[in-house]
file coords.cif (mmCIF, N, CA and C atoms)
data_entry
#
loop_
_atom_site.group_PDB
_atom_site.id
_atom_site.type_symbol
_atom_site.label_atom_id
_atom_site.label_comp_id
_atom_site.auth_asym_id
_atom_site.auth_seq_id
_atom_site.Cartn_x
_atom_site.Cartn_y
_atom_site.Cartn_z
ATOM 1 N N MET A 1 0.815 -1.180 0.000
ATOM 2 C CA MET A 1 0.000 0.000 0.000
ATOM 3 C C MET A 1 0.876 1.268 0.000
ATOM 4 N N VAL A 2 1.938 1.231 0.794
ATOM 5 C CA VAL A 2 2.846 2.382 0.832
ATOM 6 C C VAL A 2 3.475 2.603 -0.531
ATOM 7 N N ALA A 3 3.862 1.532 -1.195
ATOM 8 C CA ALA A 3 4.467 1.650 -2.519
ATOM 9 C C ALA A 3 3.486 2.233 -3.526
ATOM 10 N N ALA A 4 2.216 1.860 -3.423
ATOM 11 C CA ALA A 4 1.200 2.402 -4.335
ATOM 12 C C ALA A 4 0.989 3.891 -4.100
ATOM 13 N N ILE A 5 0.967 4.296 -2.850
ATOM 14 C CA ILE A 5 0.794 5.722 -2.532
ATOM 15 C C ILE A 5 1.999 6.512 -3.006
ATOM 16 N N GLU A 6 3.196 5.991 -2.756
ATOM 17 C CA GLU A 6 4.400 6.700 -3.180
ATOM 18 C C GLU A 6 4.515 6.760 -4.695
ATOM 19 N N ALA A 7 4.023 5.746 -5.385
ATOM 20 C CA ALA A 7 4.048 5.773 -6.847
ATOM 21 C C ALA A 7 3.084 6.831 -7.371
ATOM 22 N N ALA A 8 1.965 7.014 -6.697
ATOM 23 C CA ALA A 8 0.984 8.006 -7.128
ATOM 24 C C ALA A 8 1.420 9.428 -6.797
ATOM 25 N N VAL A 9 2.124 9.604 -5.687
ATOM 26 C CA VAL A 9 2.565 10.933 -5.256
ATOM 27 C C VAL A 9 4.063 10.862 -4.943
ATOM 28 N N PRO A 10 4.904 11.106 -5.935
ATOM 29 C CA PRO A 10 6.351 10.958 -5.734
ATOM 30 C C PRO A 10 6.933 11.890 -4.668
ATOM 31 N N ARG A 11 6.323 13.050 -4.457
ATOM 32 C CA ARG A 11 6.861 13.965 -3.438
ATOM 33 C C ARG A 11 6.713 13.377 -2.035
ATOM 34 N N LEU A 12 5.722 12.514 -1.837
ATOM 35 C CA LEU A 12 5.589 11.853 -0.535
ATOM 36 C C LEU A 12 6.732 10.877 -0.298
ATOM 37 N N SER A 13 7.200 10.253 -1.357
ATOM 38 C CA SER A 13 8.345 9.353 -1.239
ATOM 39 C C SER A 13 9.580 10.121 -0.797
ATOM 40 N N THR A 14 9.780 11.293 -1.374
ATOM 41 C CA THR A 14 10.907 12.140 -0.983
ATOM 42 C C THR A 14 10.769 12.590 0.468
ATOM 43 N N ALA A 15 9.559 12.960 0.863
ATOM 44 C CA ALA A 15 9.322 13.398 2.240
ATOM 45 C C ALA A 15 9.587 12.260 3.216
ATOM 46 N N ARG A 16 9.149 11.064 2.864
ATOM 47 C CA ARG A 16 9.389 9.921 3.742
ATOM 48 C C ARG A 16 10.879 9.635 3.867
ATOM 49 N N ALA A 17 11.612 9.745 2.782
ATOM 50 C CA ALA A 17 13.060 9.529 2.831
ATOM 51 C C ALA A 17 13.730 10.575 3.717
ATOM 52 N N LEU A 18 13.262 11.821 3.640
ATOM 53 C CA LEU A 18 13.818 12.874 4.495
ATOM 54 C C LEU A 18 13.528 12.602 5.964
ATOM 55 N N VAL A 19 12.326 12.183 6.258
ATOM 56 C CA VAL A 19 11.974 11.872 7.644
ATOM 57 C C VAL A 19 12.802 10.698 8.155
ATOM 58 N N ASP A 20 13.000 9.693 7.315
ATOM 59 C CA ASP A 20 13.835 8.553 7.704
ATOM 60 C C ASP A 20 15.274 8.986 7.973
ATOM 61 N N ARG A 21 15.804 9.878 7.129
ATOM 62 C CA ARG A 21 17.170 10.374 7.343
ATOM 63 C C ARG A 21 17.281 11.167 8.633
ATOM 64 N N PHE A 22 16.264 12.000 8.918
ATOM 65 C CA PHE A 22 16.293 12.767 10.164
ATOM 66 C C PHE A 22 16.220 11.827 11.364
ATOM 67 N N HIS A 23 15.380 10.813 11.263
ATOM 68 C CA HIS A 23 15.273 9.828 12.331
ATOM 69 C C HIS A 23 16.616 9.141 12.557
ATOM 70 N N SER A 24 17.307 8.807 11.499
ATOM 71 C CA SER A 24 18.626 8.171 11.612
ATOM 72 C C SER A 24 19.635 9.111 12.256
ATOM 73 N N MET A 25 19.560 10.407 11.909
ATOM 74 C CA MET A 25 20.459 11.382 12.528
ATOM 75 C C MET A 25 20.227 11.461 14.029
ATOM 76 N N VAL A 26 18.958 11.474 14.433
ATOM 77 C CA VAL A 26 18.637 11.584 15.855
ATOM 78 C C VAL A 26 19.055 10.314 16.586
ATOM 79 N N ARG A 27 18.720 9.167 16.040
ATOM 80 C CA ARG A 27 19.074 7.900 16.695
ATOM 81 C C ARG A 27 20.584 7.686 16.736
ATOM 82 N N GLY A 28 21.263 8.043 15.666
ATOM 83 C CA GLY A 28 22.708 7.855 15.602
ATOM 84 C C GLY A 28 23.497 8.994 16.209
ATOM 85 N N ARG A 29 22.787 10.070 16.559
ATOM 86 C CA ARG A 29 23.404 11.264 17.146
ATOM 87 C C ARG A 29 24.542 11.767 16.263
ATOM 88 N N THR A 30 24.235 11.929 14.958
ATOM 89 C CA THR A 30 25.230 12.376 13.983
ATOM 90 C C THR A 30 24.748 13.670 13.324
ATOM 91 N N PRO A 31 25.211 14.812 13.800
ATOM 92 C CA PRO A 31 24.772 16.087 13.235
ATOM 93 C C PRO A 31 25.544 16.513 11.997
ATOM 94 N N ASP A 32 26.413 15.663 11.468
ATOM 95 C CA ASP A 32 27.282 16.033 10.348
ATOM 96 C C ASP A 32 26.492 16.451 9.109
ATOM 97 N N THR A 33 25.406 15.778 8.831
ATOM 98 C CA THR A 33 24.640 16.044 7.615
ATOM 99 C C THR A 33 23.408 16.912 7.864
ATOM 100 N N LEU A 34 23.351 17.564 9.015
ATOM 101 C CA LEU A 34 22.166 18.355 9.366
ATOM 102 C C LEU A 34 21.947 19.523 8.413
ATOM 103 N N HIS A 35 23.008 20.236 8.042
ATOM 104 C CA HIS A 35 22.852 21.386 7.134
ATOM 105 C C HIS A 35 22.315 20.947 5.767
ATOM 106 N N ASP A 36 22.843 19.850 5.251
ATOM 107 C CA ASP A 36 22.357 19.334 3.970
ATOM 108 C C ASP A 36 20.899 18.902 4.078
ATOM 109 N N TRP A 37 20.562 18.269 5.206
ATOM 110 C CA TRP A 37 19.196 17.809 5.401
ATOM 111 C C TRP A 37 18.223 18.994 5.457
ATOM 112 N N VAL A 38 18.594 20.050 6.163
ATOM 113 C CA VAL A 38 17.733 21.234 6.267
ATOM 114 C C VAL A 38 17.531 21.862 4.892
ATOM 115 N N ALA A 39 18.597 21.933 4.110
ATOM 116 C CA ALA A 39 18.486 22.508 2.761
ATOM 117 C C ALA A 39 17.516 21.706 1.900
ATOM 118 N N GLU A 40 17.585 20.390 1.981
ATOM 119 C CA GLU A 40 16.661 19.551 1.215
ATOM 120 C C GLU A 40 15.243 19.628 1.765
ATOM 121 N N ALA A 41 15.122 19.658 3.068
ATOM 122 C CA ALA A 41 13.797 19.631 3.695
ATOM 123 C C ALA A 41 13.006 20.899 3.423
ATOM 124 N N THR A 42 13.670 22.041 3.343
ATOM 125 C CA THR A 42 12.948 23.299 3.151
ATOM 126 C C THR A 42 12.331 23.422 1.762
ATOM 127 N N SER A 43 12.694 22.524 0.869
ATOM 128 C CA SER A 43 12.093 22.557 -0.461
ATOM 129 C C SER A 43 11.282 21.290 -0.746
ATOM 130 N N SER A 44 10.716 20.715 0.305
ATOM 131 C CA SER A 44 9.944 19.487 0.130
ATOM 132 C C SER A 44 8.617 19.596 0.879
ATOM 133 N N LYS A 45 7.922 18.474 0.997
ATOM 134 C CA LYS A 45 6.651 18.427 1.711
ATOM 135 C C LYS A 45 6.815 18.672 3.208
ATOM 136 N N VAL A 46 8.012 18.506 3.732
ATOM 137 C CA VAL A 46 8.269 18.746 5.154
ATOM 138 C C VAL A 46 8.961 20.092 5.353
ATOM 139 N N ALA A 47 8.612 21.058 4.522
ATOM 140 C CA ALA A 47 9.262 22.370 4.544
ATOM 141 C C ALA A 47 9.051 23.094 5.868
ATOM 142 N N ALA A 48 7.859 23.002 6.429
ATOM 143 C CA ALA A 48 7.596 23.696 7.698
ATOM 144 C C ALA A 48 8.481 23.136 8.805
ATOM 145 N N PHE A 49 8.637 21.823 8.820
ATOM 146 C CA PHE A 49 9.506 21.200 9.815
ATOM 147 C C PHE A 49 10.961 21.594 9.572
ATOM 148 N N GLY A 50 11.381 21.619 8.317
ATOM 149 C CA GLY A 50 12.741 22.028 7.989
ATOM 150 C C GLY A 50 13.029 23.460 8.394
ATOM 151 N N ARG A 51 12.048 24.351 8.176
ATOM 152 C CA ARG A 51 12.230 25.751 8.590
ATOM 153 C C ARG A 51 12.309 25.877 10.104
ATOM 154 N N SER A 52 11.520 25.101 10.823
ATOM 155 C CA SER A 52 11.575 25.187 12.282
ATOM 156 C C SER A 52 12.898 24.639 12.814
ATOM 157 N N ILE A 53 13.437 23.623 12.154
ATOM 158 C CA ILE A 53 14.753 23.108 12.546
ATOM 159 C C ILE A 53 15.830 24.151 12.264
ATOM 160 N N SER A 54 15.760 24.798 11.117
ATOM 161 C CA SER A 54 16.783 25.798 10.779
ATOM 162 C C SER A 54 16.672 27.038 11.650
ATOM 163 N N ALA A 55 15.469 27.339 12.144
ATOM 164 C CA ALA A 55 15.300 28.503 13.016
ATOM 165 C C ALA A 55 16.004 28.305 14.354
ATOM 166 N N ASP A 56 16.118 27.073 14.785
ATOM 167 C CA ASP A 56 16.761 26.784 16.068
ATOM 168 C C ASP A 56 17.864 25.750 15.875
ATOM 169 N N LEU A 57 18.709 25.998 14.893
ATOM 170 C CA LEU A 57 19.737 25.050 14.499
ATOM 171 C C LEU A 57 20.727 24.751 15.617
ATOM 172 N N ALA A 58 21.084 25.751 16.402
ATOM 173 C CA ALA A 58 22.053 25.534 17.484
ATOM 174 C C ALA A 58 21.499 24.561 18.526
ATOM 175 N N ALA A 59 20.227 24.701 18.861
ATOM 176 C CA ALA A 59 19.624 23.798 19.841
ATOM 177 C C ALA A 59 19.524 22.376 19.300
ATOM 178 N N VAL A 60 19.209 22.233 18.024
ATOM 179 C CA VAL A 60 19.113 20.899 17.430
ATOM 180 C C VAL A 60 20.491 20.242 17.398
ATOM 181 N N LYS A 61 21.518 21.001 17.033
ATOM 182 C CA LYS A 61 22.874 20.452 17.045
ATOM 183 C C LYS A 61 23.284 20.036 18.448
ATOM 184 N N ALA A 62 22.940 20.859 19.438
ATOM 185 C CA ALA A 62 23.269 20.516 20.820
ATOM 186 C C ALA A 62 22.542 19.246 21.249
ATOM 187 N N ALA A 63 21.298 19.101 20.840
ATOM 188 C CA ALA A 63 20.542 17.891 21.191
ATOM 189 C C ALA A 63 21.162 16.652 20.572
ATOM 190 N N LEU A 64 21.763 16.804 19.391
ATOM 191 C CA LEU A 64 22.367 15.659 18.728
ATOM 192 C C LEU A 64 23.770 15.343 19.245
ATOM 193 N N THR A 65 24.433 16.311 19.863
ATOM 194 C CA THR A 65 25.815 16.083 20.280
ATOM 195 C C THR A 65 25.992 15.936 21.786
ATOM 196 N N GLU A 66 25.135 16.529 22.583
ATOM 197 C CA GLU A 66 25.288 16.465 24.035
ATOM 198 C C GLU A 66 24.867 15.098 24.566
ATOM 199 N N ALA A 67 25.473 14.692 25.666
ATOM 200 C CA ALA A 67 25.202 13.374 26.229
ATOM 201 C C ALA A 67 23.975 13.358 27.138
ATOM 202 N N TRP A 68 23.603 14.507 27.671
ATOM 203 C CA TRP A 68 22.494 14.523 28.635
ATOM 204 C C TRP A 68 21.159 14.687 27.944
ATOM 205 N N SER A 69 20.099 14.302 28.650
ATOM 206 C CA SER A 69 18.753 14.356 28.106
ATOM 207 C C SER A 69 17.767 14.613 29.239
ATOM 208 N N ASN A 70 16.635 15.220 28.917
ATOM 209 C CA ASN A 70 15.607 15.421 29.930
ATOM 210 C C ASN A 70 14.511 14.359 29.811
ATOM 211 N N GLY A 71 14.818 13.254 29.143
ATOM 212 C CA GLY A 71 13.865 12.168 28.975
ATOM 213 C C GLY A 71 13.330 11.592 30.275
ATOM 214 N N PRO A 72 14.187 11.297 31.276
ATOM 215 C CA PRO A 72 13.661 10.779 32.538
ATOM 216 C C PRO A 72 12.710 11.758 33.233
ATOM 217 N N THR A 73 13.033 13.038 33.158
ATOM 218 C CA THR A 73 12.148 14.035 33.763
ATOM 219 C C THR A 73 10.803 14.068 33.057
ATOM 220 N N GLU A 74 10.823 14.067 31.730
ATOM 221 C CA GLU A 74 9.579 14.077 30.969
ATOM 222 C C GLU A 74 8.760 12.816 31.233
ATOM 223 N N GLY A 75 9.432 11.687 31.392
ATOM 224 C CA GLY A 75 8.729 10.446 31.697
ATOM 225 C C GLY A 75 8.006 10.512 33.027
ATOM 226 N N ASN A 76 8.674 11.077 34.042
ATOM 227 C CA ASN A 76 8.028 11.214 35.348
ATOM 228 C C ASN A 76 6.856 12.178 35.297
ATOM 229 N N ILE A 77 6.996 13.256 34.558
ATOM 230 C CA ILE A 77 5.891 14.212 34.430
ATOM 231 C C ILE A 77 4.699 13.549 33.754
ATOM 232 N N THR A 78 4.950 12.783 32.695
ATOM 233 C CA THR A 78 3.869 12.074 32.005
ATOM 234 C C THR A 78 3.181 11.089 32.946
ATOM 235 N N ARG A 79 3.967 10.361 33.727
ATOM 236 C CA ARG A 79 3.396 9.397 34.669
ATOM 237 C C ARG A 79 2.534 10.091 35.718
ATOM 238 N N LEU A 80 3.016 11.205 36.246
ATOM 239 C CA LEU A 80 2.242 11.943 37.250
ATOM 240 C C LEU A 80 0.955 12.503 36.671
ATOM 241 N N LYS A 81 1.010 13.017 35.445
ATOM 242 C CA LYS A 81 -0.199 13.536 34.806
ATOM 243 C C LYS A 81 -1.212 12.429 34.555
ATOM 244 N N LEU A 82 -0.727 11.254 34.162
ATOM 245 C CA LEU A 82 -1.620 10.121 33.948
ATOM 246 C C LEU A 82 -2.321 9.727 35.242
ATOM 247 N N LEU A 83 -1.554 9.628 36.323
ATOM 248 C CA LEU A 83 -2.156 9.291 37.608
ATOM 249 C C LEU A 83 -3.155 10.356 38.055
ATOM 250 N N ARG A 84 -2.827 11.598 37.839
ATOM 251 C CA ARG A 84 -3.737 12.676 38.228
ATOM 252 C C ARG A 84 -5.047 12.576 37.459
ATOM 253 N N ARG A 85 -4.970 12.297 36.156
ATOM 254 C CA ARG A 85 -6.197 12.154 35.369
ATOM 255 C C ARG A 85 -7.006 10.952 35.814
ATOM 256 N N GLN A 86 -6.338 9.855 36.136
ATOM 257 C CA GLN A 86 -7.041 8.661 36.584
ATOM 258 C C GLN A 86 -7.720 8.877 37.932
ATOM 259 N N MET A 87 -7.118 9.686 38.777
ATOM 260 C CA MET A 87 -7.628 9.864 40.133
ATOM 261 C C MET A 87 -8.626 11.012 40.255
ATOM 262 N N TYR A 88 -8.839 11.761 39.203
ATOM 263 C CA TYR A 88 -9.688 12.939 39.287
ATOM 264 C C TYR A 88 -11.082 12.579 39.810
ATOM 265 N N GLY A 89 -11.481 13.196 40.921
ATOM 266 C CA GLY A 89 -12.806 13.023 41.490
ATOM 267 C C GLY A 89 -13.000 11.748 42.280
ATOM 268 N N ARG A 90 -11.979 10.954 42.483
ATOM 269 C CA ARG A 90 -12.154 9.666 43.149
ATOM 270 C C ARG A 90 -11.968 9.732 44.645
ATOM 271 N N SER A 91 -10.966 10.412 45.091
ATOM 272 C CA SER A 91 -10.698 10.419 46.519
ATOM 273 C C SER A 91 -9.816 11.602 46.866
ATOM 274 N N LYS A 92 -9.330 11.567 48.059
ATOM 275 C CA LYS A 92 -8.517 12.675 48.532
ATOM 276 C C LYS A 92 -7.030 12.356 48.378
ATOM 277 N N LEU A 93 -6.243 13.149 49.000
ATOM 278 C CA LEU A 93 -4.793 13.088 48.844
ATOM 279 C C LEU A 93 -4.188 11.766 49.314
ATOM 280 N N ASP A 94 -4.777 11.120 50.323
ATOM 281 C CA ASP A 94 -4.188 9.883 50.842
ATOM 282 C C ASP A 94 -4.176 8.753 49.803
ATOM 283 N N LEU A 95 -5.249 8.623 49.017
ATOM 284 C CA LEU A 95 -5.275 7.585 47.984
ATOM 285 C C LEU A 95 -4.306 7.921 46.848
ATOM 286 N N LEU A 96 -4.232 9.196 46.480
ATOM 287 C CA LEU A 96 -3.284 9.613 45.444
ATOM 288 C C LEU A 96 -1.856 9.338 45.899
ATOM 289 N N ARG A 97 -1.542 9.650 47.138
ATOM 290 C CA ARG A 97 -0.198 9.405 47.677
ATOM 291 C C ARG A 97 0.117 7.907 47.634
ATOM 292 N N ALA A 98 -0.850 7.060 47.996
ATOM 293 C CA ALA A 98 -0.645 5.612 47.968
ATOM 294 C C ALA A 98 -0.382 5.126 46.547
ATOM 295 N N ARG A 99 -1.096 5.665 45.558
ATOM 296 C CA ARG A 99 -0.878 5.258 44.163
ATOM 297 C C ARG A 99 0.477 5.707 43.663
ATOM 298 N N LEU A 100 0.890 6.925 44.043
ATOM 299 C CA LEU A 100 2.195 7.411 43.617
ATOM 300 C C LEU A 100 3.315 6.554 44.183
ATOM 301 N N ILE A 101 3.199 6.181 45.442
ATOM 302 C CA ILE A 101 4.225 5.364 46.058
ATOM 303 C C ILE A 101 4.243 3.970 45.455
ATOM 304 N N ALA A 102 3.085 3.437 45.126
ATOM 305 C CA ALA A 102 3.003 2.091 44.541
ATOM 306 C C ALA A 102 3.596 2.038 43.142
ATOM 307 N N HIS A 103 3.593 3.157 42.401
ATOM 308 C CA HIS A 103 4.081 3.168 41.024
ATOM 309 C C HIS A 103 5.534 3.587 40.897
ATOM 310 N N THR A 104 6.223 3.826 41.971
ATOM 311 C CA THR A 104 7.621 4.240 41.846
ATOM 312 C C THR A 104 8.574 3.109 42.008
#
call {"tool": "encode", "arguments": {"input": "coords.cif", "output": "structure tokens"}}
result
Amino acid sequence: MVAAIEAAVPRLSTARALVDRFHSMVRGRTPDTLHDWVAEATSSKVAAFGRSISADLAAVKAALTEAWSNGPTEGNITRLKLLRRQMYGRSKLDLLRARLIAHT
């Protein structure tokens, strides 16, 4: 099905290849080809994403080269928000505290 769609709309094939390359850059943490990727992306179906990357190029390069990440913090925030939504209107602080302690 993907091949049929890409055959019908060739620009989508190019966009998918660009997204795959960006994904590889992020996973491999290789910012070497970032400038070339931005140049190609700004003239494709993912132009808005390419422009937003080029607008904050220094931050994107830092994200690809630095060893630290805020992933654990974001994970904890997501977990707390999920528990808060699940507990909304059910009980008071003591039950919420018990659930938080049980999930850590």
call {"tool": "atom_distance", "arguments": {"input": "coords.cif", "atom1": "atom N of A:Ser52", "atom2": "atom C of A:Val9"}}
result
22.5 Å
call {"tool": "residues_around", "arguments": {"input": "coords.cif", "residues": "A:Thr30", "least_positions_apart": "3", "cutoff": "8 Å", "atoms": "all atoms listed in the file", "output": "mmCIF file with N, CA and C atoms, in the frame of the given file"}}
result
data_model
loop_
_atom_site.group_PDB
_atom_site.id
_atom_site.type_symbol
_atom_site.label_atom_id
_atom_site.label_comp_id
_atom_site.auth_asym_id
_atom_site.auth_seq_id
_atom_site.Cartn_x
_atom_site.Cartn_y
_atom_site.Cartn_z
ATOM 1 N N SER A 24 17.307 8.807 11.499
ATOM 2 C CA SER A 24 18.626 8.171 11.612
ATOM 3 C C SER A 24 19.635 9.111 12.256
ATOM 4 N N MET A 25 19.560 10.407 11.909
ATOM 5 C CA MET A 25 20.459 11.382 12.528
ATOM 6 C C MET A 25 20.227 11.461 14.029
ATOM 7 N N VAL A 26 18.958 11.474 14.433
ATOM 8 C CA VAL A 26 18.637 11.584 15.855
ATOM 9 C C VAL A 26 19.055 10.314 16.586
ATOM 10 N N ARG A 27 18.720 9.167 16.040
ATOM 11 C CA ARG A 27 19.074 7.900 16.695
ATOM 12 C C ARG A 27 20.584 7.686 16.736
ATOM 13 N N THR A 33 25.406 15.778 8.831
ATOM 14 C CA THR A 33 24.640 16.044 7.615
ATOM 15 C C THR A 33 23.408 16.912 7.864
ATOM 16 N N LEU A 34 23.351 17.564 9.015
ATOM 17 C CA LEU A 34 22.166 18.355 9.366
ATOM 18 C C LEU A 34 21.947 19.523 8.413
ATOM 19 N N LYS A 61 21.518 21.001 17.033
ATOM 20 C CA LYS A 61 22.874 20.452 17.045
ATOM 21 C C LYS A 61 23.284 20.036 18.448
ATOM 22 N N ALA A 63 21.298 19.101 20.840
ATOM 23 C CA ALA A 63 20.542 17.891 21.191
ATOM 24 C C ALA A 63 21.162 16.652 20.572
ATOM 25 N N LEU A 64 21.763 16.804 19.391
ATOM 26 C CA LEU A 64 22.367 15.659 18.728
ATOM 27 C C LEU A 64 23.770 15.343 19.245
ATOM 28 N N THR A 65 24.433 16.311 19.863
ATOM 29 C CA THR A 65 25.815 16.083 20.280
ATOM 30 C C THR A 65 25.992 15.936 21.786
#
call {"tool": "atom_distance", "arguments": {"input": "coords.cif", "atom1": "atom CA of A:Tyr88", "atom2": "atom CA of A:Gly75"}}
result
20.1 Å
call {"tool": "residues_around", "arguments": {"input": "coords.cif", "residues": "A:Arg11", "least_positions_apart": "4", "cutoff": "12 Å", "atoms": "only C-alpha atoms", "output": "PDB file with N, CA and C atoms, in the coordinates of the input"}}
result
ATOM      1  N   ILE A   5       0.967   4.296  -2.850  1.00  0.00           N
ATOM      2  CA  ILE A   5       0.794   5.722  -2.532  1.00  0.00           C
ATOM      3  C   ILE A   5       1.999   6.512  -3.006  1.00  0.00           C
ATOM      4  N   GLU A   6       3.196   5.991  -2.756  1.00  0.00           N
ATOM      5  CA  GLU A   6       4.400   6.700  -3.180  1.00  0.00           C
ATOM      6  C   GLU A   6       4.515   6.760  -4.695  1.00  0.00           C
ATOM      7  N   ALA A   7       4.023   5.746  -5.385  1.00  0.00           N
ATOM      8  CA  ALA A   7       4.048   5.773  -6.847  1.00  0.00           C
ATOM      9  C   ALA A   7       3.084   6.831  -7.371  1.00  0.00           C
ATOM     10  N   ALA A  15       9.559  12.960   0.863  1.00  0.00           N
ATOM     11  CA  ALA A  15       9.322  13.398   2.240  1.00  0.00           C
ATOM     12  C   ALA A  15       9.587  12.260   3.216  1.00  0.00           C
ATOM     13  N   ARG A  16       9.149  11.064   2.864  1.00  0.00           N
ATOM     14  CA  ARG A  16       9.389   9.921   3.742  1.00  0.00           C
ATOM     15  C   ARG A  16      10.879   9.635   3.867  1.00  0.00           C
ATOM     16  N   ALA A  17      11.612   9.745   2.782  1.00  0.00           N
ATOM     17  CA  ALA A  17      13.060   9.529   2.831  1.00  0.00           C
ATOM     18  C   ALA A  17      13.730  10.575   3.717  1.00  0.00           C
ATOM     19  N   LEU A  18      13.262  11.821   3.640  1.00  0.00           N
ATOM     20  CA  LEU A  18      13.818  12.874   4.495  1.00  0.00           C
ATOM     21  C   LEU A  18      13.528  12.602   5.964  1.00  0.00           C
ATOM     22  N   ALA A  41      15.122  19.658   3.068  1.00  0.00           N
ATOM     23  CA  ALA A  41      13.797  19.631   3.695  1.00  0.00           C
ATOM     24  C   ALA A  41      13.006  20.899   3.423  1.00  0.00           C
ATOM     25  N   SER A  43      12.694  22.524   0.869  1.00  0.00           N
ATOM     26  CA  SER A  43      12.093  22.557  -0.461  1.00  0.00           C
ATOM     27  C   SER A  43      11.282  21.290  -0.746  1.00  0.00           C
ATOM     28  N   SER A  44      10.716  20.715   0.305  1.00  0.00           N
ATOM     29  CA  SER A  44       9.944  19.487   0.130  1.00  0.00           C
ATOM     30  C   SER A  44       8.617  19.596   0.879  1.00  0.00           C
ATOM     31  N   LYS A  45       7.922  18.474   0.997  1.00  0.00           N
ATOM     32  CA  LYS A  45       6.651  18.427   1.711  1.00  0.00           C
ATOM     33  C   LYS A  45       6.815  18.672   3.208  1.00  0.00           C
ATOM     34  N   VAL A  46       8.012  18.506   3.732  1.00  0.00           N
ATOM     35  CA  VAL A  46       8.269  18.746   5.154  1.00  0.00           C
ATOM     36  C   VAL A  46       8.961  20.092   5.353  1.00  0.00           C
ATOM     37  N   ALA A  47       8.612  21.058   4.522  1.00  0.00           N
ATOM     38  CA  ALA A  47       9.262  22.370   4.544  1.00  0.00           C
ATOM     39  C   ALA A  47       9.051  23.094   5.868  1.00  0.00           C
TER      40      ALA A  47
END
call {"tool": "atom_distance", "arguments": {"input": "coords.cif", "atom1": "atom C of A:Ala39", "atom2": "atom CA of A:Gly71"}}
result
28.9 Å
call {"tool": "select_by_dssp", "arguments": {"input": "coords.cif", "residues": "chain A", "states": "alpha helix (DSSP H)", "output": "PyMOL selection string"}}
result
chain A and resi 2-8+10-28+34-41+47-55+57-65+71-87+93-102
call {"tool": "closest_residue", "arguments": {"input": "coords.cif", "among": "A:Met87, A:His23, A:Pro10, A:Arg29", "to": "A:Glu66", "atoms": "only C-alpha atoms"}}
result
A:Arg29
call {"tool": "axis_aligned_box", "arguments": {"input": "coords.cif", "around": "stretch 37-52 of chain A", "padding_each_side": "4 Å", "output": "JSON"}}
result
{"center_x": 13.6, "center_y": 21.8, "center_z": 6.0, "size_x": 21.9, "size_y": 16.1, "size_z": 21.6}
call {"tool": "build_atoms", "arguments": {"input": "coords.cif", "residues": "stretch 96-100 of chain A", "atoms": "all heavy atoms", "output": "PDB file, in the coordinates of the input"}}
result
ATOM      1  N   LEU A  96      -4.232   9.196  46.480  1.00  0.00           N
ATOM      2  CA  LEU A  96      -3.284   9.613  45.444  1.00  0.00           C
ATOM      3  C   LEU A  96      -1.856   9.338  45.899  1.00  0.00           C
ATOM      4  O   LEU A  96      -1.035   8.821  45.125  1.00  0.00           O
ATOM      5  CB  LEU A  96      -3.462  11.089  45.114  1.00  0.00           C
ATOM      6  CG  LEU A  96      -2.508  11.666  44.081  1.00  0.00           C
ATOM      7  CD1 LEU A  96      -2.673  10.955  42.742  1.00  0.00           C
ATOM      8  CD2 LEU A  96      -2.750  13.150  43.916  1.00  0.00           C
ATOM      9  N   ARG A  97      -1.542   9.650  47.138  1.00  0.00           N
ATOM     10  CA  ARG A  97      -0.198   9.405  47.677  1.00  0.00           C
ATOM     11  C   ARG A  97       0.117   7.907  47.634  1.00  0.00           C
ATOM     12  O   ARG A  97       1.207   7.502  47.261  1.00  0.00           O
ATOM     13  CB  ARG A  97      -0.103   9.926  49.105  1.00  0.00           C
ATOM     14  CG  ARG A  97       1.296   9.802  49.693  1.00  0.00           C
ATOM     15  CD  ARG A  97       1.406  10.390  51.090  1.00  0.00           C
ATOM     16  NE  ARG A  97       1.165  11.808  51.051  1.00  0.00           N
ATOM     17  CZ  ARG A  97       0.269  12.451  51.807  1.00  0.00           C
ATOM     18  NH1 ARG A  97      -0.471  11.800  52.656  1.00  0.00           N
ATOM     19  NH2 ARG A  97       0.119  13.758  51.711  1.00  0.00           N
ATOM     20  N   ALA A  98      -0.850   7.060  47.996  1.00  0.00           N
ATOM     21  CA  ALA A  98      -0.645   5.612  47.968  1.00  0.00           C
ATOM     22  C   ALA A  98      -0.382   5.126  46.547  1.00  0.00           C
ATOM     23  O   ALA A  98       0.473   4.270  46.316  1.00  0.00           O
ATOM     24  CB  ALA A  98      -1.846   4.899  48.569  1.00  0.00           C
ATOM     25  N   ARG A  99      -1.096   5.665  45.558  1.00  0.00           N
ATOM     26  CA  ARG A  99      -0.878   5.258  44.163  1.00  0.00           C
ATOM     27  C   ARG A  99       0.477   5.707  43.663  1.00  0.00           C
ATOM     28  O   ARG A  99       1.137   4.994  42.917  1.00  0.00           O
ATOM     29  CB  ARG A  99      -1.984   5.826  43.280  1.00  0.00           C
ATOM     30  CG  ARG A  99      -3.285   5.144  43.563  1.00  0.00           C
ATOM     31  CD  ARG A  99      -4.124   4.781  42.433  1.00  0.00           C
ATOM     32  NE  ARG A  99      -3.537   4.388  41.204  1.00  0.00           N
ATOM     33  CZ  ARG A  99      -4.158   4.487  40.042  1.00  0.00           C
ATOM     34  NH1 ARG A  99      -5.375   4.980  39.998  1.00  0.00           N
ATOM     35  NH2 ARG A  99      -3.589   4.084  38.934  1.00  0.00           N
ATOM     36  N   LEU A 100       0.890   6.925  44.043  1.00  0.00           N
ATOM     37  CA  LEU A 100       2.195   7.411  43.617  1.00  0.00           C
ATOM     38  C   LEU A 100       3.315   6.554  44.183  1.00  0.00           C
ATOM     39  O   LEU A 100       4.269   6.226  43.493  1.00  0.00           O
ATOM     40  CB  LEU A 100       2.385   8.872  44.018  1.00  0.00           C
ATOM     41  CG  LEU A 100       1.616   9.898  43.216  1.00  0.00           C
ATOM     42  CD1 LEU A 100       1.803  11.266  43.824  1.00  0.00           C
ATOM     43  CD2 LEU A 100       2.067   9.893  41.778  1.00  0.00           C
TER      44      LEU A 100
END
